[in-house]
file final_31.tsv (TSV, C-alpha atoms)
chain	number	residue	atom	x	y	z
K	12	MET	CA	105.30	96.58	99.74
K	13	SER	CA	103.32	98.70	97.33
K	14	GLU	CA	104.30	99.16	93.69
K	15	LEU	CA	105.19	102.80	94.36
K	16	LYS	CA	107.63	101.85	97.11
K	17	ILE	CA	109.26	99.27	94.83
K	18	LEU	CA	109.90	102.02	92.27
K	19	LEU	CA	111.47	104.21	94.96
K	20	LEU	CA	113.84	101.54	96.29
K	21	PRO	CA	117.01	99.89	94.99
K	22	PRO	CA	117.75	98.16	92.75
K	23	THR	CA	114.66	99.21	90.75
K	24	LEU	CA	115.24	102.95	91.24
K	25	ASN	CA	118.89	102.60	90.25
K	26	ALA	CA	117.97	100.63	87.13
K	27	LEU	CA	115.41	103.27	86.16
K	28	LEU	CA	117.98	106.04	86.54
K	29	ILE	CA	120.47	104.15	84.38
K	30	LEU	CA	117.82	103.33	81.77
K	31	LEU	CA	116.65	106.95	81.62
K	32	GLY	CA	120.24	108.12	81.26
K	33	LEU	CA	120.84	105.71	78.39
K	34	MET	CA	117.65	106.88	76.70
K	35	LEU	CA	118.83	110.49	76.94
K	36	GLY	CA	122.26	109.44	75.69
K	37	ILE	CA	125.48	109.27	77.68
K	38	ARG	CA	127.08	111.87	75.40
K	39	ARG	CA	124.67	114.42	76.85
K	40	LEU	CA	125.53	115.74	80.31
K	41	SER	CA	122.09	114.88	81.75
K	42	GLY	CA	122.25	111.32	80.45
K	43	ALA	CA	125.78	110.76	81.71
K	44	LEU	CA	124.86	112.15	85.14
K	45	LEU	CA	121.84	109.86	85.45
K	46	VAL	CA	123.82	106.77	84.49
K	47	THR	CA	126.60	107.71	86.90
K	48	LEU	CA	124.14	108.45	89.69
K	49	GLY	CA	122.27	105.17	89.19
K	50	LEU	CA	125.40	103.02	89.11
K	51	ALA	CA	127.33	104.86	91.84
K	52	SER	CA	124.37	104.86	94.26
K	53	LEU	CA	123.78	101.15	93.62
K	54	LEU	CA	127.39	100.32	94.45
K	55	LEU	CA	127.44	102.62	97.48
K	56	LEU	CA	124.26	101.15	98.96
K	57	ALA	CA	125.82	97.68	98.63
K	58	THR	CA	128.72	98.59	100.95
K	59	PRO	CA	128.81	97.62	104.65
K	60	MET	CA	129.44	101.27	105.57
K	61	ALA	CA	126.29	102.55	103.86
K	62	SER	CA	123.99	99.79	105.09
K	63	HIS	CA	125.25	100.26	108.66
K	64	ALA	CA	124.72	104.03	108.53
K	65	LEU	CA	121.18	103.68	107.18
K	66	ARG	CA	120.14	101.07	109.76
K	67	GLN	CA	121.90	102.58	112.78
K	68	GLY	CA	119.77	105.70	112.55
K	69	LEU	CA	116.66	103.54	112.89
K	70	GLU	CA	117.67	101.83	116.14
K	71	PRO	CA	117.14	104.07	119.20
K	72	TYR	CA	116.01	101.36	121.64
K	73	ALA	CA	118.14	99.12	123.85
K	74	PRO	CA	116.93	95.67	124.94
K	75	PRO	CA	114.51	95.89	127.88
K	76	SER	CA	115.96	95.62	131.36
K	77	PRO	CA	114.51	93.11	133.85
K	78	SER	CA	112.72	95.92	135.66
K	79	GLN	CA	111.17	97.20	132.42
K	80	LEU	CA	110.04	93.72	131.46
K	81	GLU	CA	108.38	93.29	134.85
K	82	THR	CA	106.03	96.17	134.06
K	83	ALA	CA	104.65	94.47	130.93
K	84	GLU	CA	101.51	92.34	130.98
K	85	ALA	CA	102.01	90.51	127.68
K	86	ILE	CA	104.51	89.98	124.86
K	87	VAL	CA	103.49	90.92	121.30
K	88	ILE	CA	105.54	89.42	118.46
K	89	LEU	CA	105.00	90.97	115.02
K	90	GLY	CA	105.19	88.90	111.85
K	91	GLY	CA	108.11	89.65	109.55
K	92	GLY	CA	107.24	87.67	106.44
K	93	ARG	CA	106.97	84.06	105.29
K	94	ASP	CA	108.72	81.55	103.04
K	95	TYR	CA	106.34	79.83	100.63
K	96	GLU	CA	106.08	76.05	100.41
K	97	ALA	CA	108.97	75.44	102.81
K	98	PRO	CA	109.27	71.64	103.07
K	99	GLU	CA	111.42	71.18	106.15
K	100	PHE	CA	108.83	71.74	108.90
K	101	GLY	CA	105.79	70.15	107.26
K	102	TRP	CA	103.60	73.24	107.71
K	103	GLY	CA	103.44	74.29	104.05
K	104	ASP	CA	104.60	77.89	104.37
K	105	ALA	CA	107.04	78.73	107.16
K	106	PRO	CA	108.18	81.93	108.89
K	107	ALA	CA	110.85	83.88	107.01
K	108	ASN	CA	114.21	84.52	108.65
K	109	PRO	CA	113.26	87.94	110.12
K	110	THR	CA	110.22	86.32	111.74
K	111	TRP	CA	112.34	83.49	113.18
K	112	ARG	CA	114.57	86.08	114.85
K	113	ARG	CA	111.53	87.76	116.43
K	114	LEU	CA	110.12	84.41	117.56
K	115	ALA	CA	113.41	83.37	119.14
K	116	TYR	CA	113.68	86.61	121.08
K	117	GLY	CA	110.01	86.49	122.06
K	118	ALA	CA	110.50	82.95	123.38
K	119	HIS	CA	113.57	84.14	125.31
K	120	LEU	CA	111.57	86.97	126.91
K	121	HIS	CA	108.73	84.58	127.73
K	122	ARG	CA	111.11	82.28	129.60
K	123	ARG	CA	112.50	85.26	131.51
K	124	SER	CA	109.09	86.66	132.44
K	125	GLU	CA	106.43	83.95	131.91
K	126	LEU	CA	104.31	86.61	130.20
K	127	PRO	CA	101.60	85.42	127.77
K	128	ILE	CA	102.28	85.88	124.06
K	129	LEU	CA	100.27	87.41	121.22
K	130	VAL	CA	101.43	86.80	117.64
K	131	SER	CA	100.28	89.13	114.88
K	132	GLY	CA	100.34	88.65	111.11
K	133	GLY	CA	97.74	87.96	108.44
K	134	ARG	CA	97.43	87.03	104.77
K	135	VAL	CA	99.11	89.85	102.88
K	136	HIS	CA	98.65	88.19	99.48
K	137	GLY	CA	95.60	86.03	100.23
K	138	GLU	CA	97.54	82.98	101.39
K	139	ASN	CA	95.73	79.92	102.78
K	140	SER	CA	97.07	80.38	106.31
K	141	ALA	CA	97.67	83.51	108.34
K	142	GLU	CA	101.26	84.32	109.22
K	143	ALA	CA	100.24	84.31	112.88
K	144	SER	CA	99.29	80.63	112.64
K	145	LEU	CA	102.75	79.81	111.26
K	146	MET	CA	104.31	81.77	114.11
K	147	ALA	CA	102.20	79.98	116.69
K	148	ALA	CA	103.19	76.60	115.22
K	149	ALA	CA	106.87	77.56	115.35
K	150	LEU	CA	106.65	78.71	118.96
K	151	ARG	CA	104.84	75.51	119.93
K	152	ASP	CA	106.81	72.94	117.94
K	153	VAL	CA	110.31	74.48	117.91
K	154	PHE	CA	110.50	76.57	121.08
K	155	ASP	CA	107.93	74.74	123.23
K	156	VAL	CA	106.27	78.06	124.05
K	157	PRO	CA	102.47	78.54	124.12
K	158	VAL	CA	100.57	81.36	122.40
K	159	ARG	CA	97.52	82.88	124.10
K	160	TRP	CA	96.33	85.27	121.38
K	161	LEU	CA	96.54	84.81	117.61
K	162	GLU	CA	95.80	87.89	115.49
K	163	GLY	CA	95.64	86.70	111.89
K	164	ALA	CA	93.89	89.48	109.96
K	165	SER	CA	96.49	92.27	109.77
K	166	ARG	CA	98.41	93.12	106.59
K	167	ASN	CA	100.74	95.88	107.80
K	168	THR	CA	102.14	97.45	110.96
K	169	ALA	CA	99.20	99.81	111.50
K	170	GLU	CA	96.75	96.89	111.32
K	171	ASN	CA	99.02	94.81	113.58
K	172	ALA	CA	98.61	97.51	116.20
K	173	ARG	CA	94.89	98.15	115.80
K	174	LEU	CA	93.77	94.52	115.73
K	175	SER	CA	96.18	93.38	118.45
K	176	ALA	CA	95.05	96.23	120.70
K	177	GLU	CA	91.43	95.15	120.32
K	178	MET	CA	92.29	91.62	121.49
K	179	LEU	CA	94.45	92.80	124.36
K	180	ARG	CA	91.99	95.37	125.67
K	181	ALA	CA	89.29	92.71	125.73
K	182	ASP	CA	91.43	90.89	128.32
K	183	GLY	CA	92.36	94.01	130.25
K	184	ILE	CA	95.93	94.23	128.92
K	185	ALA	CA	97.28	97.78	128.77
K	186	ARG	CA	101.09	97.44	128.67
K	187	VAL	CA	103.03	95.13	126.35
K	188	ALA	CA	106.58	94.19	125.45
K	189	LEU	CA	106.71	94.64	121.67
K	190	VAL	CA	109.12	92.43	119.71
K	191	SER	CA	110.45	93.30	116.27
K	192	GLN	CA	113.71	94.10	114.51
K	193	ALA	CA	115.53	97.04	116.05
K	194	TRP	CA	115.20	99.06	112.83
K	195	HIS	CA	111.43	98.44	112.58
K	196	LEU	CA	110.51	98.94	116.21
K	197	PRO	CA	110.24	102.77	116.39
K	198	ARG	CA	107.47	102.84	113.77
K	199	ALA	CA	105.77	99.84	115.39
K	200	VAL	CA	105.93	101.42	118.85
K	201	ALA	CA	104.31	104.59	117.51
K	202	GLU	CA	101.47	102.57	115.95
K	203	PHE	CA	100.78	100.65	119.17
K	204	GLU	CA	100.93	103.77	121.31
K	205	ALA	CA	98.44	105.38	118.92
K	206	GLN	CA	96.09	102.58	119.99
K	207	ASP	CA	96.43	103.70	123.65
K	208	LEU	CA	98.70	100.84	124.64
K	209	SER	CA	101.77	101.40	126.79
K	210	VAL	CA	104.82	99.81	125.15
K	211	VAL	CA	108.09	98.35	126.39
K	212	PRO	CA	110.28	98.18	123.26
K	213	ALA	CA	111.94	94.77	122.82
K	214	PRO	CA	114.26	95.08	119.81
K	215	THR	CA	116.26	92.28	118.20
K	216	GLU	CA	118.73	91.92	115.31
K	217	PHE	CA	120.74	95.10	115.72
K	218	THR	CA	122.99	96.22	112.89
K	219	SER	CA	126.57	94.99	113.11
K	220	PRO	CA	129.44	97.49	112.87
K	221	PRO	CA	131.12	97.58	109.45
K	222	PRO	CA	134.53	95.93	109.10
K	223	GLU	CA	137.64	98.05	109.25
K	224	GLY	CA	139.61	99.27	106.30
K	225	LEU	CA	138.86	98.64	102.65
K	226	ALA	CA	136.40	95.84	103.42
K	227	ALA	CA	133.92	98.45	104.67
K	228	TRP	CA	133.62	99.82	101.14
K	229	LEU	CA	133.48	96.60	99.10
K	230	PRO	CA	129.96	96.12	97.64
K	231	ARG	CA	128.08	92.92	98.49
K	232	ALA	CA	124.55	91.77	97.69
K	233	TYR	CA	123.85	91.17	101.40
K	234	HIS	CA	124.46	94.81	102.27
K	235	LEU	CA	122.39	96.03	99.33
K	236	ASN	CA	119.52	94.02	100.79
K	237	GLN	CA	120.11	95.57	104.22
K	238	SER	CA	120.22	99.06	102.75
K	239	THR	CA	116.98	98.40	100.86
K	240	ARG	CA	115.27	97.26	104.08
K	241	ALA	CA	116.47	100.41	105.84
K	242	LEU	CA	115.29	102.68	103.03
K	243	HIS	CA	111.93	100.92	103.02
K	244	GLU	CA	111.64	101.66	106.73
K	245	TRP	CA	112.58	105.33	106.23
K	246	LEU	CA	109.85	105.53	103.59
K	247	GLY	CA	107.45	103.90	106.04
K	248	ARG	CA	108.29	106.54	108.64
K	249	GLY	CA	107.64	109.26	106.11
K	250	GLU	CA	104.29	107.73	105.21
K	251	GLN	CA	103.44	107.46	108.90
K	252	ALA	CA	104.27	111.15	109.46
K	253	VAL	CA	102.12	112.23	106.51
K	254	ARG	CA	99.22	110.10	107.75
K	255	ARG	CA	99.42	111.71	111.18
K	256	GLN	CA	99.41	115.20	109.71
K	257	LEU	CA	96.33	114.41	107.65
K	258	LEU	CA	94.54	113.03	110.71
K	259	ARG	CA	95.26	116.22	112.66
K	260	ARG	CA	93.57	118.40	110.04
call {"tool": "encode", "arguments": {"input": "final_31.tsv", "output": "structure tokens"}}
result
Amino acid sequence: MSELKILLLPPTLNALLILLGLMLGIRRLSGALLVTLGLASLLLLATPMASHALRQGLEPYAPPSPSQLETAEAIVILGGGRDYEAPEFGWGDAPANPTWRRLAYGAHLHRRSELPILVSGGRVHGENSAEASLMAAALRDVFDVPVRWLEGASRNTAENARLSAEMLRADGIARVALVSQAWHLPRAVAEFEAQDLSVVPAPTEFTSPPPEGLAAWLPRAYHLNQSTRALHEWLGRGEQAVRRQLLRR
């Protein structure tokens, strides 16, 4: 995530609004409004209702049907982050929880279809090992599933698509089942289709409905995290749209 995106996302944006309001002075209308806006938006984004609404709008795809899966020639699993120096598996770093969810669903699809798997993820911050190598180790050691292609140079979704497509085309693969979180998949599908690959969306980790009654409006740190992820994805879609417009000129 770039520094600019961090400034545009909670809780940093909310803290900046509150700080600016305090600097202006809460006795002034502008200062009071900024403090109120920063605090109220922070609390609202931490509610189950807000996080559900933000994520639900990002999830247009249903899980692939058996007939859709039969048309694919490979499964592509995108990296979703890593945990540093995780001791429990003996690999050094280990896949983060979003990546585990993608790996589990990719392994499930592999057992249903016997399609070969490509894992994609590089060294975003110059780590010793590519995220794809951690994913391949997890599929092998935990799920007993082999990996045919390992793309370990990408640092973002656009590079996932470009570098994976190069590997797949070299082996004559033109249609893939693409695995990622349901909220991330639309942007990922667009990037892979831009590389002239045909895509069967394979979403996982759909947003859960909010609880009923007052509980839907009680702020929790978990839901603030979910709202932040959703807002990051909306920003990513905006960036993707701007990039496409510039390429068309």
call {"tool": "closest_residue", "arguments": {"input": "final_31.tsv", "among": "K:Gly103, K:Pro127, K:Pro214, K:Pro98", "to": "Ser140 in chain K", "atoms": "all atoms listed in the file"}}
result
K:Gly103
call {"tool": "residues_around", "arguments": {"input": "final_31.tsv", "residues": "Glu250 in chain K", "least_positions_apart": "5", "cutoff": "12 Å", "atoms": "all atoms listed in the file", "output": "PyMOL selection string"}}
result
chain K and resi 15-16+168-169+198+243-245+255-257
call {"tool": "closest_residue", "arguments": {"input": "final_31.tsv", "among": "K:Leu129, K:Arg93, K:Gly249, K:Glu142", "to": "Arg159 in chain K", "atoms": "only C-alpha atoms"}}
result
K:Leu129
call {"tool": "closest_residue", "arguments": {"input": "final_31.tsv", "among": "K:Met34, K:Leu69, K:Val130, K:Ala172", "to": "Gly117 in chain K", "atoms": "only C-alpha atoms"}}
result
K:Val130
call {"tool": "closest_residue", "arguments": {"input": "final_31.tsv", "among": "K:Pro109, K:Pro230, K:Gly132, K:Pro221", "to": "Arg66 in chain K", "atoms": "all atoms listed in the file"}}
result
K:Pro221
call {"tool": "atom_distance", "arguments": {"input": "final_31.tsv", "atom1": "CA of Leu89 in chain K", "atom2": "CA of Asp104 in chain K"}}
result
16.9 Å
call {"tool": "closest_residue", "arguments": {"input": "final_31.tsv", "among": "K:Thr58, K:Gln79, K:Leu33, K:Gly49", "to": "Pro220 in chain K", "atoms": "all atoms listed in the file"}}
result
K:Thr58
call {"tool": "atom_distance", "arguments": {"input": "final_31.tsv", "atom1": "CA of Leu145 in chain K", "atom2": "CA of Val87 in chain K"}}
result
15.0 Å
call {"tool": "atom_distance", "arguments": {"input": "final_31.tsv", "atom1": "CA of Arg186 in chain K", "atom2": "CA of Leu126 in chain K"}}
result
11.4 Å
call {"tool": "closest_residue", "arguments": {"input": "final_31.tsv", "among": "K:Ala115, K:Leu24, K:Leu120, K:Ala193", "to": "Ile86 in chain K", "atoms": "all atoms listed in the file"}}
result
K:Leu120
call {"tool": "axis_aligned_box", "arguments": {"input": "final_31.tsv", "around": "range 139-147 of chain K", "padding_each_side": "4 Å", "output": "JSON"}}
result
{"center_x": 100.0, "center_y": 82.1, "center_z": 109.7, "size_x": 16.6, "size_y": 12.5, "size_z": 21.9}
call {"tool": "residues_around", "arguments": {"input": "final_31.tsv", "residues": "Glu204 in chain K", "least_positions_apart": "3", "cutoff": "10 Å", "atoms": "all atoms listed in the file", "output": "ChimeraX atom specification"}}
result
/K:172-173,176,186,199-201,207-210
call {"tool": "residues_around", "arguments": {"input": "final_31.tsv", "residues": "Thr215 in chain K", "least_positions_apart": "4", "cutoff": "8 Å", "atoms": "all atoms listed in the file", "output": "list in words"}}
result
Pro74, Arg112, Arg113, Tyr116, Val190, Ser191, Gln192 and Ala193 of chain K
call {"tool": "write_last_selection", "arguments": {"input": "final_31.tsv", "atoms": "C-alpha atoms", "output": "PDB file, keeping the file's coordinate frame"}}
result
ATOM      1  CA  PRO K  74     116.930  95.670 124.940  1.00  0.00           C
ATOM      2  CA  ARG K 112     114.570  86.080 114.850  1.00  0.00           C
ATOM      3  CA  ARG K 113     111.530  87.760 116.430  1.00  0.00           C
ATOM      4  CA  TYR K 116     113.680  86.610 121.080  1.00  0.00           C
ATOM      5  CA  VAL K 190     109.120  92.430 119.710  1.00  0.00           C
ATOM      6  CA  SER K 191     110.450  93.300 116.270  1.00  0.00           C
ATOM      7  CA  GLN K 192     113.710  94.100 114.510  1.00  0.00           C
ATOM      8  CA  ALA K 193     115.530  97.040 116.050  1.00  0.00           C
TER       9      ALA K 193
END
call {"tool": "residues_around", "arguments": {"input": "final_31.tsv", "residues": "Ala232 in chain K", "least_positions_apart": "3", "cutoff": "10 Å", "atoms": "all atoms listed in the file", "output": "JSON, numbers by chain"}}
result
{"K": [54, 56, 57, 58, 235, 236, 237, 238]}
